[in-house]
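Q: Below is the file my_file-v3.csv, which contains CSV, N, CA and C atoms.
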chain,number,residue,atom,x,y,z
W,642,MET,N,-40.3,284.3,-65.2
W,642,MET,CA,-40.0,283.0,-65.8
W,642,MET,C,-38.6,282.9,-66.2
W,643,ALA,N,-37.9,281.9,-65.8
W,643,ALA,CA,-36.5,281.7,-66.2
W,643,ALA,C,-36.5,281.0,-67.6
W,644,LYS,N,-35.5,281.3,-68.4
W,644,LYS,CA,-35.3,280.8,-69.7
W,644,LYS,C,-33.8,280.5,-70.0
W,645,ALA,N,-33.6,279.3,-70.6
W,645,ALA,CA,-32.2,278.9,-71.0
W,645,ALA,C,-32.2,278.9,-72.5
W,646,VAL,N,-31.2,279.7,-73.1
W,646,VAL,CA,-31.1,279.8,-74.5
W,646,VAL,C,-29.7,279.6,-74.9
W,647,TRP,N,-29.6,278.8,-76.0
W,647,TRP,CA,-28.2,278.6,-76.6
W,647,TRP,C,-28.4,278.4,-78.1
W,648,ASN,N,-27.5,279.1,-78.9
W,648,ASN,CA,-27.5,279.0,-80.3
W,648,ASN,C,-28.9,279.3,-80.9
W,649,GLY,N,-29.6,280.3,-80.3
W,649,GLY,CA,-30.8,280.8,-80.8
W,649,GLY,C,-32.1,279.9,-80.4
W,650,ALA,N,-31.8,278.9,-79.7
W,650,ALA,CA,-32.9,278.0,-79.3
W,650,ALA,C,-33.2,278.1,-77.8
W,651,VAL,N,-34.5,278.0,-77.5
W,651,VAL,CA,-34.9,278.0,-76.1
W,651,VAL,C,-34.8,276.5,-75.7
W,652,ILE,N,-33.9,276.2,-74.8
W,652,ILE,CA,-33.6,274.9,-74.3
W,652,ILE,C,-34.6,274.5,-73.2
W,653,ALA,N,-34.8,275.5,-72.3
W,653,ALA,CA,-35.7,275.3,-71.1
W,653,ALA,C,-36.4,276.6,-70.8
W,654,GLU,N,-37.6,276.4,-70.1
W,654,GLU,CA,-38.3,277.6,-69.7
W,654,GLU,C,-39.2,277.2,-68.6
W,655,SER,N,-39.1,277.9,-67.4
W,655,SER,CA,-40.0,277.5,-66.3
W,655,SER,C,-40.0,278.7,-65.3
W,656,ASP,N,-41.2,278.7,-64.6
W,656,ASP,CA,-41.3,279.7,-63.4
W,656,ASP,C,-41.0,278.9,-62.1
W,657,ASP,N,-40.5,277.7,-62.2
W,657,ASP,CA,-40.3,276.9,-61.0
W,657,ASP,C,-38.8,276.4,-61.0
W,658,THR,N,-37.8,277.3,-61.0
W,658,THR,CA,-36.4,276.9,-60.9
W,658,THR,C,-36.0,276.9,-59.5
W,659,VAL,N,-35.0,276.1,-59.2
W,659,VAL,CA,-34.3,276.2,-57.9
W,659,VAL,C,-32.9,276.7,-58.1
W,660,VAL,N,-32.6,277.8,-57.4
W,660,VAL,CA,-31.2,278.4,-57.6
W,660,VAL,C,-30.3,277.9,-56.5
W,661,VAL,N,-29.2,277.2,-57.0
W,661,VAL,CA,-28.2,276.7,-56.1
W,661,VAL,C,-26.8,277.2,-56.6
W,662,GLU,N,-26.1,277.9,-55.7
W,662,GLU,CA,-24.8,278.4,-56.1
W,662,GLU,C,-24.8,279.2,-57.4
W,663,GLY,N,-25.9,280.0,-57.5
W,663,GLY,CA,-26.1,280.9,-58.7
W,663,GLY,C,-26.6,280.2,-59.9
W,664,ASN,N,-26.8,278.9,-59.9
W,664,ASN,CA,-27.3,278.2,-61.1
W,664,ASN,C,-28.8,277.9,-61.0
W,665,HIS,N,-29.5,278.1,-62.0
W,665,HIS,CA,-30.9,277.8,-62.1
W,665,HIS,C,-31.1,276.3,-62.5
W,666,TYR,N,-31.7,275.5,-61.6
W,666,TYR,CA,-32.0,274.1,-61.9
W,666,TYR,C,-33.5,274.1,-62.4
W,667,PHE,N,-33.7,273.7,-63.7
W,667,PHE,CA,-35.0,273.7,-64.3
W,667,PHE,C,-35.6,272.3,-64.0
W,668,PRO,N,-36.9,272.2,-63.8
W,668,PRO,CA,-37.5,270.9,-63.8
W,668,PRO,C,-37.3,270.1,-65.1
W,669,SER,N,-37.0,268.9,-65.0
W,669,SER,CA,-36.6,268.1,-66.2
W,669,SER,C,-37.7,268.2,-67.3
W,670,GLY,N,-39.0,268.3,-66.8
W,670,GLY,CA,-40.1,268.3,-67.8
W,670,GLY,C,-40.2,269.6,-68.5
W,671,SER,N,-39.5,270.7,-68.1
W,671,SER,CA,-39.5,272.0,-68.8
W,671,SER,C,-38.3,272.1,-69.8
W,672,VAL,N,-37.5,271.1,-69.8
W,672,VAL,CA,-36.3,271.1,-70.7
W,672,VAL,C,-36.7,270.3,-72.0
W,673,HIS,N,-36.4,270.9,-73.2
W,673,HIS,CA,-36.7,270.3,-74.5
W,673,HIS,C,-35.7,269.2,-74.7
W,674,SER,N,-36.1,268.0,-74.4
W,674,SER,CA,-35.2,266.9,-74.5
W,674,SER,C,-34.6,266.6,-75.9
W,675,GLY,N,-35.2,267.1,-76.9
W,675,GLY,CA,-34.7,266.9,-78.3
W,675,GLY,C,-33.3,267.6,-78.5
W,676,TYR,N,-33.0,268.6,-77.6
W,676,TYR,CA,-31.7,269.3,-77.7
W,676,TYR,C,-30.6,268.6,-76.8
W,677,LEU,N,-31.0,267.5,-76.1
W,677,LEU,CA,-30.0,266.9,-75.2
W,677,LEU,C,-29.5,265.6,-75.8
W,678,LYS,N,-28.2,265.4,-75.6
W,678,LYS,CA,-27.5,264.2,-76.0
W,678,LYS,C,-26.8,263.7,-74.8
W,679,ASP,N,-26.9,262.4,-74.4
W,679,ASP,CA,-26.2,261.9,-73.3
W,679,ASP,C,-24.7,262.0,-73.4
W,680,SER,N,-24.1,262.2,-72.3
W,680,SER,CA,-22.6,262.3,-72.2
W,680,SER,C,-22.1,261.3,-71.2
W,681,ALA,N,-20.9,260.9,-71.4
W,681,ALA,CA,-20.3,259.9,-70.4
W,681,ALA,C,-19.7,260.7,-69.3
W,682,THR,N,-19.6,262.0,-69.3
W,682,THR,CA,-18.9,262.8,-68.3
W,682,THR,C,-19.7,262.8,-67.0
W,683,THR,N,-18.9,262.7,-65.9
W,683,THR,CA,-19.5,262.9,-64.6
W,683,THR,C,-18.5,263.7,-63.8
W,684,SER,N,-19.0,264.3,-62.7
W,684,SER,CA,-18.1,265.0,-61.8
W,684,SER,C,-18.7,264.8,-60.4
W,685,ILE,N,-17.9,265.1,-59.4
W,685,ILE,CA,-18.4,264.9,-58.0
W,685,ILE,C,-18.3,266.2,-57.2
W,686,CYS,N,-19.4,266.5,-56.5
W,686,CYS,CA,-19.5,267.6,-55.6
W,686,CYS,C,-19.6,267.0,-54.2
W,687,PRO,N,-18.8,267.5,-53.3
W,687,PRO,CA,-18.8,266.9,-51.9
W,687,PRO,C,-20.2,267.0,-51.2
W,688,TRP,N,-21.0,268.0,-51.5
W,688,TRP,CA,-22.3,268.0,-50.8
W,688,TRP,C,-23.5,267.7,-51.7
W,689,LYS,N,-23.4,267.8,-53.0
W,689,LYS,CA,-24.5,267.5,-53.9
W,689,LYS,C,-24.5,266.0,-54.4
W,690,GLY,N,-23.3,265.5,-54.6
W,690,GLY,CA,-23.2,264.1,-55.1
W,690,GLY,C,-22.5,264.1,-56.5
W,691,THR,N,-22.8,263.0,-57.2
W,691,THR,CA,-22.2,262.8,-58.6
W,691,THR,C,-23.2,263.4,-59.6
W,692,ALA,N,-22.6,264.3,-60.4
W,692,ALA,CA,-23.4,264.9,-61.5
W,692,ALA,C,-23.1,264.2,-62.8
W,693,SER,N,-24.2,264.1,-63.6
W,693,SER,CA,-24.1,263.6,-65.0
W,693,SER,C,-24.4,264.7,-65.9
W,694,TYR,N,-23.9,264.6,-67.2
W,694,TYR,CA,-24.0,265.7,-68.1
W,694,TYR,C,-24.7,265.3,-69.4
W,695,TYR,N,-25.2,266.4,-70.1
W,695,TYR,CA,-25.7,266.3,-71.4
W,695,TYR,C,-24.9,267.2,-72.3
W,696,THR,N,-24.8,266.9,-73.6
W,696,THR,CA,-24.3,267.8,-74.6
W,696,THR,C,-25.5,268.4,-75.3
W,697,LEU,N,-25.5,269.7,-75.5
W,697,LEU,CA,-26.6,270.3,-76.2
W,697,LEU,C,-26.3,270.2,-77.7
W,698,VAL,N,-27.3,269.9,-78.5
W,698,VAL,CA,-27.2,269.9,-80.0
W,698,VAL,C,-28.4,270.7,-80.5
W,699,VAL,N,-28.0,271.8,-81.2
W,699,VAL,CA,-29.0,272.7,-81.8
W,699,VAL,C,-28.5,273.0,-83.3
W,700,ASP,N,-29.3,272.7,-84.2
W,700,ASP,CA,-29.0,273.0,-85.6
W,700,ASP,C,-27.7,272.4,-86.0
W,701,GLY,N,-27.3,271.2,-85.5
W,701,GLY,CA,-26.0,270.6,-85.9
W,701,GLY,C,-24.9,271.0,-85.1
W,702,ALA,N,-25.0,272.1,-84.3
W,702,ALA,CA,-23.9,272.6,-83.5
W,702,ALA,C,-24.0,271.9,-82.1
W,703,GLU,N,-22.8,271.5,-81.6
W,703,GLU,CA,-22.8,270.9,-80.3
W,703,GLU,C,-22.1,271.7,-79.2
W,704,ASN,N,-22.6,271.7,-78.0
W,704,ASN,CA,-22.0,272.3,-76.9
W,704,ASN,C,-21.8,271.2,-75.8
W,705,ALA,N,-20.6,270.7,-75.8
W,705,ALA,CA,-20.3,269.5,-75.0
W,705,ALA,C,-20.5,269.8,-73.5
W,706,ASP,N,-21.2,268.9,-72.9
W,706,ASP,CA,-21.4,268.9,-71.4
W,706,ASP,C,-21.9,270.2,-70.9
W,707,ALA,N,-22.8,270.9,-71.6
W,707,ALA,CA,-23.3,272.2,-71.2
W,707,ALA,C,-24.5,272.1,-70.3
W,708,ALA,N,-25.0,270.9,-70.0
W,708,ALA,CA,-26.1,270.8,-69.1
W,708,ALA,C,-25.7,269.7,-68.1
W,709,TRP,N,-26.1,269.8,-66.9
W,709,TRP,CA,-25.8,268.8,-65.9
W,709,TRP,C,-27.0,268.6,-64.9
W,710,TYR,N,-27.0,267.4,-64.3
W,710,TYR,CA,-28.0,267.1,-63.3
W,710,TYR,C,-27.5,266.0,-62.4
W,711,TYR,N,-28.1,265.9,-61.2
W,711,TYR,CA,-27.7,264.9,-60.2
W,711,TYR,C,-28.8,263.8,-60.1
W,712,PRO,N,-28.5,262.7,-60.7
W,712,PRO,CA,-29.5,261.6,-60.7
W,712,PRO,C,-29.9,261.1,-59.3
W,713,GLU,N,-29.0,261.1,-58.4
W,713,GLU,CA,-29.2,260.7,-57.0
W,713,GLU,C,-28.5,261.7,-56.1
W,714,PRO,N,-29.0,262.9,-56.0
W,714,PRO,CA,-28.4,263.9,-55.1
W,714,PRO,C,-28.3,263.5,-53.7
W,715,LYS,N,-27.3,264.0,-53.0
W,715,LYS,CA,-27.3,263.8,-51.5
W,715,LYS,C,-28.4,264.5,-50.9
W,716,GLU,N,-28.7,264.1,-49.6
W,716,GLU,CA,-29.8,264.7,-48.9
W,716,GLU,C,-29.8,266.2,-48.8
W,717,ALA,N,-28.6,266.8,-48.7
W,717,ALA,CA,-28.5,268.2,-48.6
W,717,ALA,C,-28.9,268.9,-49.9
W,718,ALA,N,-28.9,268.2,-51.0
W,718,ALA,CA,-29.3,268.8,-52.3
W,718,ALA,C,-30.6,268.1,-52.9
W,719,ALA,N,-31.4,267.6,-52.0
W,719,ALA,CA,-32.6,267.0,-52.5
W,719,ALA,C,-33.5,267.8,-53.3
W,720,ASP,N,-33.4,269.2,-53.2
W,720,ASP,CA,-34.3,270.1,-53.9
W,720,ASP,C,-34.0,270.1,-55.4
W,721,ILE,N,-32.8,269.6,-55.8
W,721,ILE,CA,-32.4,269.6,-57.2
W,721,ILE,C,-32.6,268.2,-57.9
W,722,LYS,N,-33.2,267.3,-57.2
W,722,LYS,CA,-33.5,266.0,-57.9
W,722,LYS,C,-34.5,266.2,-59.0
W,723,ASP,N,-34.3,265.6,-60.1
W,723,ASP,CA,-35.1,265.7,-61.4
W,723,ASP,C,-35.0,267.1,-61.9
W,724,ARG,N,-33.9,267.8,-61.8
W,724,ARG,CA,-33.7,269.1,-62.4
W,724,ARG,C,-32.4,269.2,-63.1
W,725,ILE,N,-32.3,270.1,-64.1
W,725,ILE,CA,-31.2,270.2,-65.0
W,725,ILE,C,-30.7,271.7,-65.0
W,726,ALA,N,-29.4,271.9,-64.9
W,726,ALA,CA,-28.8,273.2,-64.9
W,726,ALA,C,-27.9,273.3,-66.2
W,727,PHE,N,-27.5,274.6,-66.5
W,727,PHE,CA,-26.8,274.9,-67.7
W,727,PHE,C,-25.6,275.8,-67.4
W,728,TRP,N,-24.6,275.7,-68.3
W,728,TRP,CA,-23.4,276.6,-68.3
W,728,TRP,C,-22.8,276.6,-69.7
W,729,LYS,N,-21.5,277.0,-69.8
W,729,LYS,CA,-20.8,276.9,-71.1
W,729,LYS,C,-21.5,277.7,-72.2
W,730,GLY,N,-21.8,279.0,-71.9
W,730,GLY,CA,-22.4,279.8,-72.9
W,730,GLY,C,-23.9,279.8,-73.0
W,731,VAL,N,-24.6,278.9,-72.3
W,731,VAL,CA,-26.0,278.9,-72.3
W,731,VAL,C,-26.5,280.1,-71.5
W,732,GLU,N,-27.3,281.0,-72.1
W,732,GLU,CA,-27.8,282.2,-71.4
W,732,GLU,C,-29.0,281.9,-70.6
W,733,VAL,N,-29.0,282.1,-69.3
W,733,VAL,CA,-30.1,281.9,-68.5
W,733,VAL,C,-30.6,283.3,-68.0
W,734,THR,N,-31.8,283.6,-68.3
W,734,THR,CA,-32.4,284.9,-67.9
W,734,THR,C,-33.7,284.7,-67.2
Just give me the structure of the file as structure tokens.

A:
Amino acid sequence: MAKAVWNGAVIAESDDTVVVEGNHYFPSGSVHSGYLKDSATTSICPWKGTASYYTLVVDGAENADAAWYYPEPKEAAADIKDRIAFWKGVEVT
């Protein structure tokens, strides 16, 4: 089972992650949405599409843009639709 932990909190946990470019994409339903705050940040991947971000908030501490997802991934990345990945110090084991 994969687990995403930051600042002592389990942000996500699932045995159904999709690994793309070394990143675990968790089903959105397995992510504790109470730790997510919308971000205006976006980025573009040539083959996955436009990513949107969340800032993580745990016990008052924020980790800006530490989670991302592709709301409308390109066909080549269809497997990561409705999934969220993490970086910026989030430990995924």

Q: Mind checking which residues fall within 6 Å of region 715-721 of chain W, counting only N, CA and C atoms, ignoring those fewer than 4 positions away in the same chain, and posting them as a list in words?

A: Trp688, Lys689 and Gly690 of chain W

Q: Print the selection's residues with N, CA and C atoms to a file, as a PDB file, keeping the file's coordinate frame.

A:
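What follows is the written file result-v6.pdb:
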ATOM      1  N   TRP W 688     -21.000 268.000 -51.500  1.00  0.00           N
ATOM      2  CA  TRP W 688     -22.300 268.000 -50.800  1.00  0.00           C
ATOM      3  C   TRP W 688     -23.500 267.700 -51.700  1.00  0.00           C
ATOM      4  N   LYS W 689     -23.400 267.800 -53.000  1.00  0.00           N
ATOM      5  CA  LYS W 689     -24.500 267.500 -53.900  1.00  0.00           C
ATOM      6  C   LYS W 689     -24.500 266.000 -54.400  1.00  0.00           C
ATOM      7  N   GLY W 690     -23.300 265.500 -54.600  1.00  0.00           N
ATOM      8  CA  GLY W 690     -23.200 264.100 -55.100  1.00  0.00           C
ATOM      9  C   GLY W 690     -22.500 264.100 -56.500  1.00  0.00           C
TER      10      GLY W 690
END

Q: Using only C-alpha atoms, which of W:Trp709, W:His665, W:Trp647, W:Ala653 sits nearest Asp679 (chain W)?

A: W:Trp709

Q: From the set W:Asn648, W:Thr691, W:Asn664, W:Thr696, which residue has the shortest atom-to-atom contact distance to Lys678 (chain W), counting only N, CA and C atoms?

A: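 Comparing W:Asn648, W:Thr691, W:Asn664, W:Thr696 against Lys678 (chain W), the winner is W:Thr696.
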
Q: What is the distance between CA of Asp657 (chain W) and CA of Gly670 (chain W), in Å to one decimal?

A: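 According to the coordinates, CA of Asp657 (chain W) and CA of Gly670 (chain W) are separated by 11.0 Å.
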
Q: Pull the helix (DSSP H, G or I) assignments for region 651-732 of chain W out of DSSP run on the backbone, and list those residues as a list in words.

A: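 Filtering region 651-732 of chain W down to helix (DSSP H, G or I) leaves Ser669, Gly670, Ser671, Ser674, Gly675, Tyr676, Glu716, Ala717, Ala718, Ala719, Asp720 and Ile721 of chain W.
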
Q: In Å, rounded to a single decimal, give me how far CA of Ala643 (chain W) is from CA of Ala681 (chain W).

A: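 Separation of CA of Ala681 (chain W) and CA of Ala643 (chain W): 27.5 Å.
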
Q: Write out as number ranges by chain each polymer residue whose atoms come within 8 Å of region 699-702 of chain W, counting only N, CA and C atoms; drop sequence neighbours fewer than 5 positions from it.

A: W: 647-650, 675-677

Q: List the neighbours of Val646 (chain W) out to 8 Å using all atoms listed in the file; skip same-chain residues closer than 5 positions along the sequence, and give me the result as a PDB file with N, CA and C atoms, keeping the file's coordinate frame.

A:
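Saved file part_32.pdb follows:
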ATOM      1  N   VAL W 651     -34.500 278.000 -77.500  1.00  0.00           N
ATOM      2  CA  VAL W 651     -34.900 278.000 -76.100  1.00  0.00           C
ATOM      3  C   VAL W 651     -34.800 276.500 -75.700  1.00  0.00           C
ATOM      4  N   ILE W 652     -33.900 276.200 -74.800  1.00  0.00           N
ATOM      5  CA  ILE W 652     -33.600 274.900 -74.300  1.00  0.00           C
ATOM      6  C   ILE W 652     -34.600 274.500 -73.200  1.00  0.00           C
ATOM      7  N   ALA W 653     -34.800 275.500 -72.300  1.00  0.00           N
ATOM      8  CA  ALA W 653     -35.700 275.300 -71.100  1.00  0.00           C
ATOM      9  C   ALA W 653     -36.400 276.600 -70.800  1.00  0.00           C
ATOM     10  N   GLU W 654     -37.600 276.400 -70.100  1.00  0.00           N
ATOM     11  CA  GLU W 654     -38.300 277.600 -69.700  1.00  0.00           C
ATOM     12  C   GLU W 654     -39.200 277.200 -68.600  1.00  0.00           C
ATOM     13  N   GLY W 730     -21.800 279.000 -71.900  1.00  0.00           N
ATOM     14  CA  GLY W 730     -22.400 279.800 -72.900  1.00  0.00           C
ATOM     15  C   GLY W 730     -23.900 279.800 -73.000  1.00  0.00           C
ATOM     16  N   VAL W 731     -24.600 278.900 -72.300  1.00  0.00           N
ATOM     17  CA  VAL W 731     -26.000 278.900 -72.300  1.00  0.00           C
ATOM     18  C   VAL W 731     -26.500 280.100 -71.500  1.00  0.00           C
ATOM     19  N   GLU W 732     -27.300 281.000 -72.100  1.00  0.00           N
ATOM     20  CA  GLU W 732     -27.800 282.200 -71.400  1.00  0.00           C
ATOM     21  C   GLU W 732     -29.000 281.900 -70.600  1.00  0.00           C
ATOM     22  N   VAL W 733     -29.000 282.100 -69.300  1.00  0.00           N
ATOM     23  CA  VAL W 733     -30.100 281.900 -68.500  1.00  0.00           C
ATOM     24  C   VAL W 733     -30.600 283.300 -68.000  1.00  0.00           C
ATOM     25  N   THR W 734     -31.800 283.600 -68.300  1.00  0.00           N
ATOM     26  CA  THR W 734     -32.400 284.900 -67.900  1.00  0.00           C
ATOM     27  C   THR W 734     -33.700 284.700 -67.200  1.00  0.00           C
TER      28      THR W 734
END

Q: Select, from W:Tyr694, W:Pro687, W:Glu713, W:Ala708, the residue with the minimum atom-to-atom distance to Ala726 (chain W), counting only N, CA and C atoms.

A: W:Ala708

Q: Quote the spacing between CA of Ser680 (chain W) and CA of Val698 (chain W) in Å to one decimal place.

A: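 It comes out at 11.8 Å.
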
Q: What's around Lys729 (chain W) at 8 Å? Count only N, CA and C atoms, leave out sequence neighbours fewer than 5 positions away in its own chain, and write the answer as a list in words.

A: Asn704, Ala705, Asp706, Ala707 and Ala708 of chain W

Q: Return the single residue from W:Ala692, W:Ala645, W:Leu697, W:Val661 that is closest to Ser674 (chain W), with distances computed using only C-alpha atoms.

A: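 So, comparing all the options, the nearest one is W:Leu697.
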
Q: Find the spatial neighbours of Tyr711 (chain W), counting all atoms listed in the file, within a cut-off of 6 Å - ignore same-chain residues fewer than 3 positions away - and output them as a list in words.

A: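 Everything that qualifies: Thr691, Ala692, Ser693, Pro714, Lys722, Asp723 and Arg724 of chain W.
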